[in-house]
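Below: one structure, written as structure tokens.
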Amino acid sequence: MKVVVTVVGQDRVGIIAKVSDILAKHSVNILNINQNIVNGFFNMALIADMENSSINLKDLQKSLSVLGQELGLDIKAQHEDIFQIMHRI
């Protein structure tokens, strides 16, 4: 299963490191990452493979949400299919 992780908020040092650390601890493989910073505003979309992970999507969402609260960021993880349906024009 593939997931899309999005991160939005004020830029600061270590955002990508902290998100990827959670993924690495649970054997979630990052396939693609794209990030932009405009006027201090951080925006990232990351696609990851959870096929061999040691965590389920619900628990991953919870871990990333807690991290987001600690950093003052909006961090979400969604199943790839849900993300695509929500962003279909």
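By convention here, the chains of the structure tokens are called A, B, ... in the order presented, each chain's residues are numbered starting at 1, and ligands are numbered starting at 1 in the order presented.
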- Please identify all polymer residues within 8 Å of A:Val3, counting only C-alpha atoms, omitting same-chain residues fewer than 3 positions from it, and present them as a PyMOL selection string. chain A and resi 47-50+77-80
- Query: Quick one: residues within 10 Å of A:Leu71, only C-alpha atoms counted, chain neighbours fewer than 6 positions away excluded, as an MDAnalysis selection string?
  - Reply: chainID A and resid 9:12 14:15 18 65
With N, CA and C atoms retained, write the just-selected residues as a PDB file, in the first residue's frame.
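Saved to selection-v3.pdb:
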ATOM      1  N   GLY A   9       3.204  24.232   6.907  1.00  0.00           N
ATOM      2  CA  GLY A   9       3.362  25.123   8.046  1.00  0.00           C
ATOM      3  C   GLY A   9       4.605  25.973   7.946  1.00  0.00           C
ATOM      4  N   GLN A  10       4.905  26.648   9.040  1.00  0.00           N
ATOM      5  CA  GLN A  10       6.075  27.530   9.108  1.00  0.00           C
ATOM      6  C   GLN A  10       7.350  26.698   8.988  1.00  0.00           C
ATOM      7  N   ASP A  11       8.277  27.141   8.142  1.00  0.00           N
ATOM      8  CA  ASP A  11       9.524  26.410   7.944  1.00  0.00           C
ATOM      9  C   ASP A  11      10.393  26.467   9.196  1.00  0.00           C
ATOM     10  N   ARG A  12      11.105  25.385   9.425  1.00  0.00           N
ATOM     11  CA  ARG A  12      12.074  25.294  10.518  1.00  0.00           C
ATOM     12  C   ARG A  12      13.053  24.179  10.197  1.00  0.00           C
ATOM     13  N   GLY A  14      14.876  20.756  10.345  1.00  0.00           N
ATOM     14  CA  GLY A  14      14.619  19.395  10.807  1.00  0.00           C
ATOM     15  C   GLY A  14      13.273  18.791  10.498  1.00  0.00           C
ATOM     16  N   ILE A  15      12.419  19.490   9.774  1.00  0.00           N
ATOM     17  CA  ILE A  15      11.087  18.949   9.489  1.00  0.00           C
ATOM     18  C   ILE A  15      11.197  17.626   8.730  1.00  0.00           C
ATOM     19  N   LYS A  18      12.658  14.775  10.877  1.00  0.00           N
ATOM     20  CA  LYS A  18      11.767  14.223  11.901  1.00  0.00           C
ATOM     21  C   LYS A  18      10.665  13.371  11.293  1.00  0.00           C
ATOM     22  N   SER A  65       0.553  12.952  13.384  1.00  0.00           N
ATOM     23  CA  SER A  65      -0.271  14.030  13.931  1.00  0.00           C
ATOM     24  C   SER A  65       0.333  14.574  15.222  1.00  0.00           C
TER      25      SER A  65
END
- Check the DSSP output for the backbone and give back, as an MDAnalysis selection string, the residues of chain A in strand (DSSP E). chainID A and resid 2:10 29:38 41:49 74:79
- Item | Nearest candidate to A:Ala45 (options A:Leu60, A:Ile33, A:Lys2, A:Leu23; using only C-alpha atoms) | A:Ile33
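Interatomic distance, atom CA of A:Val5 to atom CA of A:Gln61: 9.0 Å.
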